[in-house]
Every structure is written in structure tokens, then in C-alpha cells.
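For reference, the structure is listed below as C-alpha cells.
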Amino acid sequence: MKKTKFSPSLMTMDLDKFNDQITFLNNHVESYHVDIMDGHYVPNITLSPWFIEQVKKISDVPISAHLMVTDPAFWVDELLKVDTDYICIHAEVINGVAFRLINKIQDHNKKVGIVLNPETPIDTIKPYIKYLDKITIMTVDPGFAGEKFIDETLDKIVELRQLREENNYNYLIEMDGSSNKKTFSKIQRANPDIYILGRSGLFGLDDEIDKAWYKMIDDFNEALSQV
């Protein structure tokens, strides 16, 4: 069985325990997920390229920035300045500039990701899917933590895996939203490569990050026994 990759969503971490939580997680996760919201594409405002700089001071773990913004070109430039490893843009906002932004990110030797909202079909990204390093499926409506899990989104994870196998594509498949004890088993049936973990799946399980982590692992293993 392939090793499951976990990517903590740092928007939901305890910022008063920033150093302790990052230092512990550095030894356990494959990437960090950083939400950047501009207050326009979604009503919330969250993290920033400056935050990524702070994480990089104490971590070598790859950072994936999830752009929920109306002007992705501006934010791509800002994220390249801080050496962001993965830059992930919503498909809904890049019509007309998709190839330009993909080329810019990869010309800087960084990875490019595309994010699909629950209502957005995979056909939207087929013109450039072969160039992508990662595709993120939103399993909740974007913009806030704690949203309701949308079961229908799992079909897109299955479809993406089939497309990858049939065409020898190289993208990773990631799920984002309400990944926790209640949903692990249904998500695993769809079989993404990366689980993004937020408050309900990791940071809210215990005040101490080590206890929260091992509680998450127990929850995940229990869910796998049900698949």
C-alpha cells in the first residue's frame, strides 16, 4: 500500500505554539498547506507570503500555498519571492492566463497546482492538465474552516486517478476540507495521495501537538480498517 501523505493546514494551527508545533511536525509530515485568502475571492482573510517566510526559518518541509484570490498573477509573483515550493491556483480564476502562470511557476523551478471547487468539473482543466504537478479537490466550499464535507467531490478524485493512469500524467492528487475521523474511511476509498489536515483532523484533537498527531494516526488507522 502506498504511504499516505499528510499536509497540515497551518491556518488552523495554534499560533501561540508556532515553534513547538512546526518543530514537531517537521519530523512527521511531507508538506505544509498555507491558505492565502484576499477577502474578495472568499470573504475571509488569512495567511500571507510573510507567514511562509517565518515557517521557512525553522523548517525545510515543502510548503504548498493555496491561493483563494481574484488576482493570482500578483500573488504568484509574491510567492516566488519567498521561495514557495508549490503554488496552487483556483481553476475558476485563471481562464486566459493559465498557461502563462504555469510557465512562470515552472520556469522558476517551482511546482504548480490547480484547485477545483466542489462545483467545478475536471473538464475545465483538461487543456493544461498534463503540465500540472498537483491537483487539489475541494471537498468543502472554500473560505472557512469547519465547513460541511461534500461527498460528491470524491468522484473527482477517482476520475483524476483514472486519467493519470491512462495518460501517464505525473500530478499528485490532494483533497482539502473536513478530513477527520468521521470522513477518513470514505476519503480513503477515493484514494487521494495527500490529505490536508485542519482543526477537526489534527490541531483540535489535543492541546499538545504530539498527542494530537498520534490521536490522528490512531483515527486514520481505525478508519482504514473499515475500508
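A note on labels: chains of the C-alpha cells are A, B, ... as shown, every chain counts residues from 1, and ligands are counted from 1 in their shown order.
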**Request:** Check region 17-154 of chain A with DSSP on the backbone and list each residue it calls helix (DSSP H, G or I), as a PyMOL selection string.
**Result:** chain A and resi 17-25+49-56+72-81+91-93+98-107+122-125+129-131+151-154
**Message:** According to DSSP computed on the backbone, where in region 25-201 of chain A is there strand (DSSP E)? Give the residues as JSON, numbers by chain.
**Reply:** {"A": [32, 33, 34, 35, 36, 37, 63, 64, 65, 66, 67, 68, 86, 87, 88, 89, 90, 111, 112, 113, 114, 115, 116, 134, 135, 136, 137, 138, 172, 173, 174, 175, 176, 194, 195, 196, 197]}
How would the residues just picked look written out with N, CA and C atoms as an mmCIF file, in the first residue's frame?
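To be explicit, this is the file written out as selection-v3.cif:
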```
data_model
loop_
_atom_site.group_PDB
_atom_site.id
_atom_site.type_symbol
_atom_site.label_atom_id
_atom_site.label_comp_id
_atom_site.auth_asym_id
_atom_site.auth_seq_id
_atom_site.Cartn_x
_atom_site.Cartn_y
_atom_site.Cartn_z
ATOM 1 N N TYR A 32 3.507 21.293 4.138
ATOM 2 C CA TYR A 32 2.608 22.181 4.872
ATOM 3 C C TYR A 32 1.685 22.883 3.877
ATOM 4 N N HIS A 33 0.452 23.115 4.307
ATOM 5 C CA HIS A 33 -0.560 23.768 3.487
ATOM 6 C C HIS A 33 -0.819 25.159 4.068
ATOM 7 N N VAL A 34 -0.631 26.186 3.243
ATOM 8 C CA VAL A 34 -0.809 27.568 3.689
ATOM 9 C C VAL A 34 -1.887 28.231 2.845
ATOM 10 N N ASP A 35 -3.000 28.573 3.482
ATOM 11 C CA ASP A 35 -4.105 29.245 2.786
ATOM 12 C C ASP A 35 -3.851 30.742 2.710
ATOM 13 N N ILE A 36 -3.980 31.277 1.502
ATOM 14 C CA ILE A 36 -3.862 32.718 1.302
ATOM 15 C C ILE A 36 -5.158 33.204 0.672
ATOM 16 N N MET A 37 -5.920 33.980 1.448
ATOM 17 C CA MET A 37 -7.224 34.481 1.010
ATOM 18 C C MET A 37 -7.194 36.008 0.998
ATOM 19 N N ILE A 63 6.440 23.676 1.271
ATOM 20 C CA ILE A 63 5.241 24.453 1.577
ATOM 21 C C ILE A 63 4.407 24.609 0.319
ATOM 22 N N SER A 64 3.111 24.319 0.474
ATOM 23 C CA SER A 64 2.154 24.442 -0.618
ATOM 24 C C SER A 64 1.209 25.595 -0.305
ATOM 25 N N ALA A 65 1.230 26.625 -1.134
ATOM 26 C CA ALA A 65 0.357 27.781 -0.943
ATOM 27 C C ALA A 65 -0.915 27.616 -1.764
ATOM 28 N N HIS A 66 -2.042 27.738 -1.100
ATOM 29 C CA HIS A 66 -3.358 27.626 -1.739
ATOM 30 C C HIS A 66 -3.925 29.028 -1.895
ATOM 31 N N LEU A 67 -3.958 29.500 -3.132
ATOM 32 C CA LEU A 67 -4.392 30.868 -3.421
ATOM 33 C C LEU A 67 -5.893 30.926 -3.638
ATOM 34 N N MET A 68 -6.597 31.542 -2.708
ATOM 35 C CA MET A 68 -8.016 31.854 -2.879
ATOM 36 C C MET A 68 -8.114 33.362 -3.073
ATOM 37 N N TYR A 86 5.225 24.825 -3.729
ATOM 38 C CA TYR A 86 4.053 24.573 -4.572
ATOM 39 C C TYR A 86 3.177 25.819 -4.557
ATOM 40 N N ILE A 87 2.771 26.276 -5.720
ATOM 41 C CA ILE A 87 1.831 27.399 -5.820
ATOM 42 C C ILE A 87 0.573 26.864 -6.487
ATOM 43 N N CYS A 88 -0.526 26.885 -5.742
ATOM 44 C CA CYS A 88 -1.766 26.246 -6.180
ATOM 45 C C CYS A 88 -2.847 27.298 -6.389
ATOM 46 N N ILE A 89 -3.394 27.339 -7.595
ATOM 47 C CA ILE A 89 -4.309 28.403 -8.010
ATOM 48 C C ILE A 89 -5.665 27.805 -8.351
ATOM 49 N N HIS A 90 -6.720 28.520 -8.029
ATOM 50 C CA HIS A 90 -8.059 28.035 -8.372
ATOM 51 C C HIS A 90 -8.291 28.129 -9.878
ATOM 52 N N LYS A 111 6.780 24.072 -8.231
ATOM 53 C CA LYS A 111 5.695 23.190 -8.646
ATOM 54 C C LYS A 111 4.390 23.965 -8.751
ATOM 55 N N VAL A 112 3.574 23.576 -9.731
ATOM 56 C CA VAL A 112 2.309 24.265 -9.950
ATOM 57 C C VAL A 112 1.147 23.334 -9.651
ATOM 58 N N GLY A 113 0.185 23.878 -8.914
ATOM 59 C CA GLY A 113 -1.019 23.126 -8.607
ATOM 60 C C GLY A 113 -2.259 23.878 -9.038
ATOM 61 N N ILE A 114 -3.320 23.131 -9.294
ATOM 62 C CA ILE A 114 -4.620 23.715 -9.612
ATOM 63 C C ILE A 114 -5.631 23.180 -8.599
ATOM 64 N N VAL A 115 -6.512 24.062 -8.149
ATOM 65 C CA VAL A 115 -7.537 23.713 -7.163
ATOM 66 C C VAL A 115 -8.906 23.792 -7.826
ATOM 67 N N LEU A 116 -9.740 22.795 -7.563
ATOM 68 C CA LEU A 116 -11.091 22.760 -8.116
ATOM 69 C C LEU A 116 -12.119 22.871 -6.996
ATOM 70 N N LYS A 134 0.293 19.074 -9.307
ATOM 71 C CA LYS A 134 -0.661 18.673 -8.268
ATOM 72 C C LYS A 134 -2.040 19.217 -8.612
ATOM 73 N N ILE A 135 -3.069 18.443 -8.258
ATOM 74 C CA ILE A 135 -4.457 18.895 -8.396
ATOM 75 C C ILE A 135 -5.130 18.691 -7.042
ATOM 76 N N THR A 136 -5.732 19.752 -6.548
ATOM 77 C CA THR A 136 -6.403 19.715 -5.247
ATOM 78 C C THR A 136 -7.907 19.764 -5.448
ATOM 79 N N ILE A 137 -8.586 18.798 -4.880
ATOM 80 C CA ILE A 137 -10.038 18.761 -4.930
ATOM 81 C C ILE A 137 -10.594 19.307 -3.620
ATOM 82 N N MET A 138 -11.354 20.383 -3.705
ATOM 83 C CA MET A 138 -12.023 20.925 -2.520
ATOM 84 C C MET A 138 -13.190 20.010 -2.174
ATOM 85 N N LEU A 172 0.165 14.931 -8.486
ATOM 86 C CA LEU A 172 -0.340 14.391 -7.229
ATOM 87 C C LEU A 172 -1.807 14.779 -7.087
ATOM 88 N N ILE A 173 -2.560 13.961 -6.374
ATOM 89 C CA ILE A 173 -3.973 14.247 -6.124
ATOM 90 C C ILE A 173 -4.147 14.518 -4.634
ATOM 91 N N GLU A 174 -4.690 15.680 -4.336
ATOM 92 C CA GLU A 174 -4.829 16.137 -2.957
ATOM 93 C C GLU A 174 -6.291 16.445 -2.663
ATOM 94 N N MET A 175 -6.711 16.177 -1.429
ATOM 95 C CA MET A 175 -8.050 16.572 -1.003
ATOM 96 C C MET A 175 -7.939 17.631 0.085
ATOM 97 N N ASP A 176 -8.891 18.570 0.088
ATOM 98 C CA ASP A 176 -8.843 19.676 1.038
ATOM 99 C C ASP A 176 -10.234 19.943 1.593
ATOM 100 N N ILE A 194 -2.678 12.874 -1.031
ATOM 101 C CA ILE A 194 -2.391 13.778 0.085
ATOM 102 C C ILE A 194 -3.690 14.165 0.784
ATOM 103 N N TYR A 195 -3.670 14.057 2.112
ATOM 104 C CA TYR A 195 -4.759 14.542 2.959
ATOM 105 C C TYR A 195 -4.329 15.855 3.598
ATOM 106 N N ILE A 196 -5.128 16.890 3.436
ATOM 107 C CA ILE A 196 -4.898 18.119 4.189
ATOM 108 C C ILE A 196 -5.639 18.006 5.516
ATOM 109 N N LEU A 197 -4.918 18.296 6.601
ATOM 110 C CA LEU A 197 -5.469 18.169 7.948
ATOM 111 C C LEU A 197 -5.636 19.543 8.589
#
```
**Request:** Tell me which protein, DNA and RNA residues are within 7 Å of Val140 (chain A), counting only C-alpha atoms, leaving out same-chain ones fewer than 6 positions away, and put them as a count of residues only.
**Result:** 7
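We find CA of Asn109 (chain A) and CA of Pro62 (chain A) to be spaced 13.2 Å apart.
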**Message:** So that I can check the surroundings of Asp20 (chain A), please list as a list of chain:residue names every protein, DNA and RNA residue that reaches within 12 Å of it, counting only C-alpha atoms and ignoring chain neighbours fewer than 5 positions away.
**Reply:**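 Counting only the stated atoms, we get A:Met13, A:Asp14, A:Leu15, A:Leu25, A:Asn26, A:Asn27, A:Val55, A:Ile58, A:Ser59, A:Asp207, A:Glu208, A:Ile209, A:Asp210.
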Could you save those same residues with N, CA, C and O atoms as a PDB file, in the first residue's frame?
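Writing the result to out-v9.pdb gives the following:
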```pdb
ATOM      1  N   MET A  13      -3.579  26.022  12.901  1.00  0.00           N
ATOM      2  CA  MET A  13      -2.668  25.696  13.994  1.00  0.00           C
ATOM      3  C   MET A  13      -2.845  26.695  15.139  1.00  0.00           C
ATOM      4  O   MET A  13      -3.524  27.715  14.999  1.00  0.00           O
ATOM      5  N   ASP A  14      -2.230  26.401  16.278  1.00  0.00           N
ATOM      6  CA  ASP A  14      -2.225  27.313  17.417  1.00  0.00           C
ATOM      7  C   ASP A  14      -1.020  28.232  17.278  1.00  0.00           C
ATOM      8  O   ASP A  14       0.113  27.828  17.556  1.00  0.00           O
ATOM      9  N   LEU A  15      -1.250  29.463  16.853  1.00  0.00           N
ATOM     10  CA  LEU A  15      -0.137  30.361  16.564  1.00  0.00           C
ATOM     11  C   LEU A  15       0.670  30.716  17.803  1.00  0.00           C
ATOM     12  O   LEU A  15       1.850  31.083  17.696  1.00  0.00           O
ATOM     13  N   LEU A  25       6.124  18.800  13.889  1.00  0.00           N
ATOM     14  CA  LEU A  25       5.582  18.321  12.623  1.00  0.00           C
ATOM     15  C   LEU A  25       6.654  18.159  11.552  1.00  0.00           C
ATOM     16  O   LEU A  25       6.493  17.343  10.625  1.00  0.00           O
ATOM     17  N   ASN A  26       7.750  18.901  11.654  1.00  0.00           N
ATOM     18  CA  ASN A  26       8.833  18.765  10.676  1.00  0.00           C
ATOM     19  C   ASN A  26       9.285  17.321  10.508  1.00  0.00           C
ATOM     20  O   ASN A  26       9.731  16.918   9.426  1.00  0.00           O
ATOM     21  N   ASN A  27       9.173  16.532  11.558  1.00  0.00           N
ATOM     22  CA  ASN A  27       9.654  15.155  11.526  1.00  0.00           C
ATOM     23  C   ASN A  27       8.572  14.148  11.136  1.00  0.00           C
ATOM     24  O   ASN A  27       8.838  12.934  11.137  1.00  0.00           O
ATOM     25  N   VAL A  55       7.810  30.340   8.501  1.00  0.00           N
ATOM     26  CA  VAL A  55       7.872  28.879   8.568  1.00  0.00           C
ATOM     27  C   VAL A  55       9.218  28.395   8.043  1.00  0.00           C
ATOM     28  O   VAL A  55       9.858  27.510   8.633  1.00  0.00           O
ATOM     29  N   ILE A  58      12.383  27.871  10.229  1.00  0.00           N
ATOM     30  CA  ILE A  58      12.551  26.741  11.144  1.00  0.00           C
ATOM     31  C   ILE A  58      12.144  25.408  10.508  1.00  0.00           C
ATOM     32  O   ILE A  58      12.002  24.413  11.210  1.00  0.00           O
ATOM     33  N   SER A  59      11.977  25.395   9.190  1.00  0.00           N
ATOM     34  CA  SER A  59      11.523  24.170   8.531  1.00  0.00           C
ATOM     35  C   SER A  59      12.056  24.061   7.108  1.00  0.00           C
ATOM     36  O   SER A  59      12.124  25.059   6.379  1.00  0.00           O
ATOM     37  N   ASP A 207      -4.395  19.743  23.051  1.00  0.00           N
ATOM     38  CA  ASP A 207      -3.618  20.977  23.178  1.00  0.00           C
ATOM     39  C   ASP A 207      -2.142  20.763  22.876  1.00  0.00           C
ATOM     40  O   ASP A 207      -1.438  21.703  22.488  1.00  0.00           O
ATOM     41  N   GLU A 208      -1.667  19.516  23.066  1.00  0.00           N
ATOM     42  CA  GLU A 208      -0.264  19.195  22.792  1.00  0.00           C
ATOM     43  C   GLU A 208      -0.170  18.544  21.416  1.00  0.00           C
ATOM     44  O   GLU A 208      -0.851  17.567  21.131  1.00  0.00           O
ATOM     45  N   ILE A 209       0.701  19.085  20.563  1.00  0.00           N
ATOM     46  CA  ILE A 209       0.740  18.648  19.174  1.00  0.00           C
ATOM     47  C   ILE A 209       1.148  17.185  19.039  1.00  0.00           C
ATOM     48  O   ILE A 209       0.653  16.473  18.162  1.00  0.00           O
ATOM     49  N   ASP A 210       2.022  16.678  19.897  1.00  0.00           N
ATOM     50  CA  ASP A 210       2.412  15.275  19.770  1.00  0.00           C
ATOM     51  C   ASP A 210       1.237  14.351  20.070  1.00  0.00           C
ATOM     52  O   ASP A 210       1.000  13.371  19.360  1.00  0.00           O
TER      53      ASP A 210
END
```
**Request:** Within 8 Å of Ile157 (chain A), counting only C-alpha atoms, which residues show up once you throw out same-chain ones fewer than 2 positions away? Write them as number ranges by chain, please.
**Result:** A: 137, 153-155, 159-161, 173, 175, 190-192
**Asked** What's the 10 Å shell around Ile94 (chain A), counting only C-alpha atoms, without same-chain residues fewer than 2 positions away, as a count of residues only?
**Response** 15
**Message:** So the first atom is CA of Gln188 (chain A) and the second is CA of Phe220 (chain A); what is the distance between them in Å, to one decimal place?
**Reply:**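 CA of Gln188 (chain A) sits 9.4 Å away from CA of Phe220 (chain A).
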**Request:** In Å, rounded to a single decimal, give me how far CA of Val82 (chain A) is from CA of Glu53 (chain A).
**Result:** 6.2 Å
**Request:** Measuring atom to atom with only C-alpha atoms, identify which of A:Thr12, A:Ser225, A:Asn44, A:Gln54 is nearest to Arg189 (chain A).
**Result:**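 The answer is A:Ser225, which sits nearest to Arg189 (chain A).
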**Message:** When you count only C-alpha atoms, which of these residues is closest to Ile52 (chain A): A:Leu205, A:Ile102, A:Leu80, A:Val158?
**Reply:**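 Counting only C-alpha atoms, the residue closest to Ile52 (chain A) is A:Leu80.
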